[in-house]
2 protein chains.
Amino acid sequence: MSLLVVGSVALDSVYTPFGETADALGGSAVYFSVAASLLHPVRVVGVVGDDFPVPELERLSAAGIDWAGVERARGESFRWKGKYSYDLQSRETLETRLGVFADFRPKLPAGWQAAKYIFLGNIDPVLQLGVLEQMTAPRLVVCDTMNYWIQGKKAELMALLGRVDILLVNDSEARELSGDWNIHRAGRWILRHGPKMVVIKQGEYGALLLERERTFYVPAYPLEEVFDPTGAGDAFAGGFMGYLARVGSTDPGQLRRAMVYGSAMGGFAVQGFGIRGFENIDYDAVQKRVGAFVELTHVPSAEPIP
Amino acid sequence: MSLLVVGSVALDSVYTPFGETADALGGSAVYFSVAASLLHPVRVVGVVGDDFPVPELERLSAAGIDWAGVERARGESFRWKGKYSYDLQSRETLETRLGVFADFRPKLPAGWQAAKYIFLGNIDPVLQLGVLEQMTAPRLVVCDTMNYWIQGKKAELMALLGRVDILLVNDSEARELSGDWNIHRAGRWILRHGPKMVVIKQGEYGALLLERERTFYVPAYPLEEVFDPTGAGDAFAGGFMGYLARVGSTDPGQLRRAMVYGSAMGGFAVQGFGIRGFENIDYDAVQKRVGAFVELTHVPSAEPIP
């Protein structure tokens, strides 16, 4: 089943207590694709400026990422600069330069309009809607957003929510969007405003899949060494969507398994700077980690005690 | 298998965004016992002053709580006053009055020294050791502590750690004790200093059971209404120990099931002020909630995808 992502293709400068990167390959569409392509081919829609190190993208094509939908525009590429606290629990955005993203209007290459599995990465909801309107037969539409759009383009975001199947956000975004600090009530609020399901990522704790009648919880993979949290949420989305596209199903059981793939990918993402956490990861490594999740939450013999 | 707890029997005054209580029944031994007694009889060691509303304790005896080890001393009972933030995520201690706890030396009633399952609730580690030294054949010793003792009686606490099977603490305590912000490394540090296992409670997220070779994660029960987080950790301990005493086993599988019982009891605790969250809870209600945890984390068919 064809998988398409629209999102940022960026140059990130990240400061952590363990080191820093400057103008490293990043952005929501990149993290998503690097994770998803371990499970299924991905087509990317986005834009880069004429300063972008395109060979770095091309190097990833071999893994099954098709960059044909990434426009090369005149001007500067999207850049993000951020700094993490000593315990990686919080981060501060030092600088955001939209560059060519400011005038971006996503246009899909011929044939891409028929994609079945679509992830609308964290960009302007107007652009997310612009992509969705080009799709002819989507089977599953998942979108992300962030506080910036919740504050600045709430009406457009709410219009988008009415047209997506799943909103996938982190807990602070769910709280800000709903105006409710209780994460389960926040989730219910979102479910009343369009999406059939909501995935709420909770960083080092794990992630929730909320449906009207049910809740599923997957923990984060236990890691003693975390280097760079950047992109973990997009890698989660990549694992989630990559798995669903691979099995070609959105059955309840497969959605739960997709959550485990998402959490596994989020773990890989934070184990290295930028996308380096994925450098030596192949399909077998993914399967091994997914298997470890079973052990992590398995409760033997569920029958009542005597 | 006999179950014994030593801890505080207190009068709590709690302020939350949803209301307040004044001099309400509380303390680690009380929360522990109310939860544990839903699964197994409990014997309590502690102290109250001559101002304590003893009939309130006696009312709970019918549930299987034996207060014969609670000394009645001259003076004021232990009192704690605290205030929670609007989102219940943090709390401030407004006042702690040790009262009769200041001169307390735990002394076990005849026959209680042979208890098999022992929970050393959050009191001075010197007193915790004092109880432990009276035990003749403990099968499982679990202890709690808090930042106050980590800062003030580190040496005594470390001596205690060398003699317990499981340390059961919350994440901030594990971090402070180990000096490491990564919760998994903090857990490893604790495992190198005595206990065979460590349970790390993470509030609304759930709890971890760390052993040398394995990690288990149980989420918190999803709740849209939380009224008073006071006592949730002790109720968790009560469910954990009550279950183990009931089944008379510390097998790895039973320890995981005990974690689920702990998380279930933590959920009940926060659903009402003080111990009121347990008011209409019986064994069947516990079983029903434990059953719901299976659904909450169940991942169908663990075999690799095609």
# chains A, B, ... in the order shown; residues from 1 in each chain; ligands from 1
$ residues_around --residues "segment 243-249 of chain B" --least-positions-apart "2" --cutoff "10 Å" --atoms "only C-alpha atoms" --output "MDAnalysis selection string"
(chainID A and resid 305:306) or (chainID B and resid 1:4 36:42 116:118 139:140 237:241 251:255 257:262)
$ write_last_selection --atoms "C-alpha atoms" --output "compact mmCIF listing (two decimals), in the first residue's frame"
# COMPACT_ATOMS: atom_id res chain seq x y z
CA ILE A 305 -6.20 -15.35 41.43
CA PRO A 306 -7.70 -18.08 43.66
CA MET B 1 1.11 -15.71 54.27
CA SER B 2 1.21 -13.07 57.01
CA LEU B 3 1.56 -9.47 55.85
CA LEU B 4 2.94 -6.70 58.05
CA ALA B 36 -3.80 -4.48 50.75
CA SER B 37 -6.76 -5.59 52.88
CA LEU B 38 -8.86 -5.93 49.73
CA LEU B 39 -6.60 -8.89 48.96
CA HIS B 40 -5.19 -10.16 52.25
CA PRO B 41 -5.34 -9.43 56.01
CA VAL B 42 -2.79 -6.85 57.18
CA LYS B 116 6.55 -13.39 55.94
CA TYR B 117 5.68 -10.35 53.83
CA ILE B 118 6.91 -7.06 55.23
CA ARG B 139 10.26 -14.05 52.99
CA LEU B 140 9.97 -10.71 51.18
CA ALA B 237 2.50 -0.80 47.56
CA GLY B 238 -0.56 -2.24 49.30
CA GLY B 239 -1.85 -3.81 46.10
CA PHE B 240 1.61 -5.13 45.25
CA MET B 241 2.24 -6.71 48.65
CA ASP B 251 7.79 -15.94 41.27
CA PRO B 252 8.66 -13.58 38.40
CA GLY B 253 5.21 -13.97 36.85
CA GLN B 254 3.48 -13.24 40.15
CA LEU B 255 5.65 -10.15 40.67
CA ARG B 257 0.81 -9.53 38.30
CA ALA B 258 1.46 -7.83 41.64
CA MET B 259 2.53 -4.71 39.70
CA VAL B 260 -0.84 -4.69 37.97
CA TYR B 261 -2.64 -4.98 41.32
CA GLY B 262 -0.48 -2.13 42.57
$ residues_around --residues "segment 214-218 of chain A" --least-positions-apart "5" --cutoff "8 Å" --atoms "only C-alpha atoms" --output "PyMOL selection string"
(chain A and resi 206-209+256+259-260+263) or (chain B and resi 219+222+295-298)
$ write_last_selection --atoms "C-alpha atoms" --output "mmCIF file, in the first residue's frame"
data_model
loop_
_atom_site.group_PDB
_atom_site.id
_atom_site.type_symbol
_atom_site.label_atom_id
_atom_site.label_comp_id
_atom_site.auth_asym_id
_atom_site.auth_seq_id
_atom_site.Cartn_x
_atom_site.Cartn_y
_atom_site.Cartn_z
ATOM 1 C CA GLY A 206 5.443 5.878 25.980
ATOM 2 C CA ALA A 207 2.333 6.591 23.969
ATOM 3 C CA LEU A 208 -1.441 6.196 24.137
ATOM 4 C CA LEU A 209 -3.858 5.172 21.396
ATOM 5 C CA ARG A 256 -1.838 -1.721 18.378
ATOM 6 C CA MET A 259 2.034 1.556 18.110
ATOM 7 C CA VAL A 260 4.762 -0.885 19.153
ATOM 8 C CA SER A 263 7.702 3.181 19.985
ATOM 9 C CA PRO B 219 0.821 1.792 32.855
ATOM 10 C CA PRO B 222 -6.465 5.756 32.497
ATOM 11 C CA GLU B 295 -6.917 -4.958 27.519
ATOM 12 C CA LEU B 296 -4.924 -1.763 28.068
ATOM 13 C CA THR B 297 -1.571 -3.237 27.015
ATOM 14 C CA HIS B 298 -2.532 -6.317 25.019
#
$ residues_around --residues "Asp50 of chain B" --least-positions-apart "3" --cutoff "10 Å" --atoms "only C-alpha atoms" --output "PDB file with N, CA and C atoms, in the first residue's frame"
ATOM      1  N   VAL B  47       2.220   4.378  65.342  1.00  0.00           N
ATOM      2  CA  VAL B  47       1.928   5.088  66.583  1.00  0.00           C
ATOM      3  C   VAL B  47       0.933   6.217  66.295  1.00  0.00           C
ATOM      4  N   PRO B  53      -8.473  10.063  66.234  1.00  0.00           N
ATOM      5  CA  PRO B  53      -9.835   9.505  66.177  1.00  0.00           C
ATOM      6  C   PRO B  53      -9.784   7.986  65.958  1.00  0.00           C
ATOM      7  N   VAL B  54      -9.463   7.275  67.040  1.00  0.00           N
ATOM      8  CA  VAL B  54      -9.254   5.828  66.935  1.00  0.00           C
ATOM      9  C   VAL B  54     -10.451   5.072  66.351  1.00  0.00           C
ATOM     10  N   ARG B  72      -0.501   3.694  71.268  1.00  0.00           N
ATOM     11  CA  ARG B  72      -1.160   4.979  71.553  1.00  0.00           C
ATOM     12  C   ARG B  72      -0.298   5.728  72.561  1.00  0.00           C
ATOM     13  N   ALA B  73       0.327   6.785  72.064  1.00  0.00           N
ATOM     14  CA  ALA B  73       1.290   7.519  72.900  1.00  0.00           C
ATOM     15  C   ALA B  73       0.679   8.840  73.370  1.00  0.00           C
ATOM     16  N   ARG B  74       1.265   9.373  74.415  1.00  0.00           N
ATOM     17  CA  ARG B  74       0.850  10.711  74.870  1.00  0.00           C
ATOM     18  C   ARG B  74       1.396  11.750  73.901  1.00  0.00           C
ATOM     19  N   GLY B  75       0.536  12.670  73.510  1.00  0.00           N
ATOM     20  CA  GLY B  75       1.016  13.737  72.639  1.00  0.00           C
ATOM     21  C   GLY B  75       0.197  13.825  71.368  1.00  0.00           C
ATOM     22  N   GLU B  76       0.730  14.612  70.442  1.00  0.00           N
ATOM     23  CA  GLU B  76      -0.008  14.909  69.221  1.00  0.00           C
ATOM     24  C   GLU B  76       0.296  13.866  68.133  1.00  0.00           C
ATOM     25  N   SER B  77      -0.702  13.508  67.367  1.00  0.00           N
ATOM     26  CA  SER B  77      -0.503  12.579  66.251  1.00  0.00           C
ATOM     27  C   SER B  77       0.301  13.248  65.136  1.00  0.00           C
ATOM     28  N   VAL B 100       4.065  12.432  67.985  1.00  0.00           N
ATOM     29  CA  VAL B 100       4.500  11.211  68.673  1.00  0.00           C
ATOM     30  C   VAL B 100       5.470  10.373  67.837  1.00  0.00           C
TER      31      VAL B 100
END
$ residues_around --residues "Ser178 of chain A" --least-positions-apart "2" --cutoff "12 Å" --atoms "only C-alpha atoms" --output "ChimeraX atom specification"
/A:147,150-151,154,158,169,171-176,180-193
$ atom_distance --atom1 "atom CA of Asp282 of chain A" --atom2 "atom CA of Ser301 of chain B"
21.8 Å
$ residues_around --residues "Gly203 of chain A" --least-positions-apart "6" --cutoff "8 Å" --atoms "only C-alpha atoms" --output "JSON, numbers by chain"
{"A": [170, 220, 233]}
$ select_by_dssp --residues "segment 46-273 of chain A" --states "helix (DSSP H, G or I)" --output "PyMOL selection string"
chain A and resi 54-61+99-103+112-114+125-132+147-152+154-161+171-178+183-191+203-205+232-247+252-270
$ write_last_selection --atoms "C-alpha atoms" --output "short mmCIF file (atom, residue, chain, number, x, y, z; two decimals), in the first residue's frame"
data_model
loop_
_atom_site.label_atom_id
_atom_site.label_comp_id
_atom_site.auth_asym_id
_atom_site.auth_seq_id
_atom_site.Cartn_x
_atom_site.Cartn_y
_atom_site.Cartn_z
CA VAL A 54 20.91 17.09 -1.75
CA PRO A 55 23.42 14.19 -1.94
CA GLU A 56 22.63 13.48 1.71
CA LEU A 57 19.01 12.89 0.75
CA GLU A 58 19.98 10.84 -2.30
CA ARG A 59 22.11 8.60 -0.14
CA LEU A 60 18.90 7.60 1.67
CA SER A 61 17.04 6.77 -1.56
CA GLY A 99 13.27 30.00 4.37
CA VAL A 100 11.72 28.37 1.30
CA PHE A 101 8.97 26.89 3.49
CA ALA A 102 7.40 30.33 3.78
CA ASP A 103 6.16 30.25 0.17
CA TRP A 112 1.20 10.16 -6.17
CA GLN A 113 -2.38 11.39 -5.71
CA ALA A 114 -3.56 7.80 -5.36
CA PRO A 125 -2.37 23.19 8.50
CA VAL A 126 -3.22 25.09 5.33
CA LEU A 127 -0.47 23.17 3.54
CA GLN A 128 -1.58 19.91 5.17
CA LEU A 129 -5.10 20.55 3.78
CA GLY A 130 -3.56 21.45 0.43
CA VAL A 131 -1.96 18.01 0.21
CA LEU A 132 -5.10 16.23 1.40
CA ASN A 147 1.83 24.51 19.55
CA TYR A 148 2.81 27.10 16.94
CA TRP A 149 -0.15 26.17 14.71
CA ILE A 150 -2.52 25.57 17.63
CA GLN A 151 -1.90 29.16 18.66
CA GLY A 152 -1.66 30.76 15.24
CA LYS A 154 -6.56 27.17 15.20
CA ALA A 155 -9.49 27.51 12.75
CA GLU A 156 -7.53 25.95 9.88
CA LEU A 157 -6.29 23.20 12.18
CA MET A 158 -9.82 22.40 13.35
CA ALA A 159 -10.96 22.24 9.72
CA LEU A 160 -8.16 19.78 9.05
CA LEU A 161 -9.11 17.67 12.09
CA ASP A 171 0.92 15.34 25.39
CA SER A 172 1.62 19.07 25.66
CA GLU A 173 0.07 19.61 22.23
CA ALA A 174 -3.02 17.58 23.18
CA ARG A 175 -3.35 19.66 26.35
CA GLU A 176 -2.95 22.97 24.55
CA LEU A 177 -5.33 22.05 21.74
CA SER A 178 -8.10 20.88 24.09
CA ILE A 183 -4.61 13.74 29.04
CA HIS A 184 -7.54 11.34 28.80
CA ARG A 185 -10.10 14.14 28.78
CA ALA A 186 -7.91 15.99 26.27
CA GLY A 187 -8.02 12.90 24.08
CA ARG A 188 -11.84 12.69 24.36
CA TRP A 189 -12.06 16.34 23.36
CA ILE A 190 -10.05 15.66 20.21
CA LEU A 191 -12.22 12.63 19.39
CA GLY A 203 8.20 11.02 25.46
CA GLU A 204 10.23 8.74 27.72
CA TYR A 205 7.03 7.23 29.15
CA ALA A 232 11.64 10.86 18.12
CA GLY A 233 8.00 11.80 17.55
CA ASP A 234 8.37 11.77 13.76
CA ALA A 235 10.24 8.47 13.90
CA PHE A 236 7.36 7.14 16.00
CA ALA A 237 4.96 8.26 13.27
CA GLY A 238 7.18 6.62 10.65
CA GLY A 239 7.14 3.29 12.46
CA PHE A 240 3.39 3.53 13.02
CA MET A 241 2.54 4.36 9.39
CA GLY A 242 5.27 2.20 7.86
CA TYR A 243 3.90 -0.84 9.65
CA LEU A 244 0.29 -0.15 8.65
CA ALA A 245 1.29 0.41 5.01
CA ARG A 246 3.32 -2.80 5.08
CA VAL A 247 0.47 -4.95 6.37
CA PRO A 252 -7.67 -2.68 15.71
CA GLY A 253 -5.05 -5.35 16.38
CA GLN A 254 -2.76 -4.02 13.66
CA LEU A 255 -3.12 -0.48 15.02
CA ARG A 256 -1.84 -1.72 18.38
CA ARG A 257 1.07 -3.48 16.72
CA ALA A 258 1.75 -0.28 14.77
CA MET A 259 2.03 1.56 18.11
CA VAL A 260 4.76 -0.88 19.15
CA TYR A 261 6.64 -0.29 15.88
CA GLY A 262 6.27 3.44 16.50
CA SER A 263 7.70 3.18 19.99
CA ALA A 264 10.56 1.00 18.75
CA MET A 265 11.48 3.60 16.11
CA GLY A 266 11.24 6.44 18.63
CA GLY A 267 13.81 4.59 20.69
CA PHE A 268 16.24 4.22 17.78
CA ALA A 269 15.87 7.94 17.02
CA VAL A 270 17.07 9.10 20.43
#
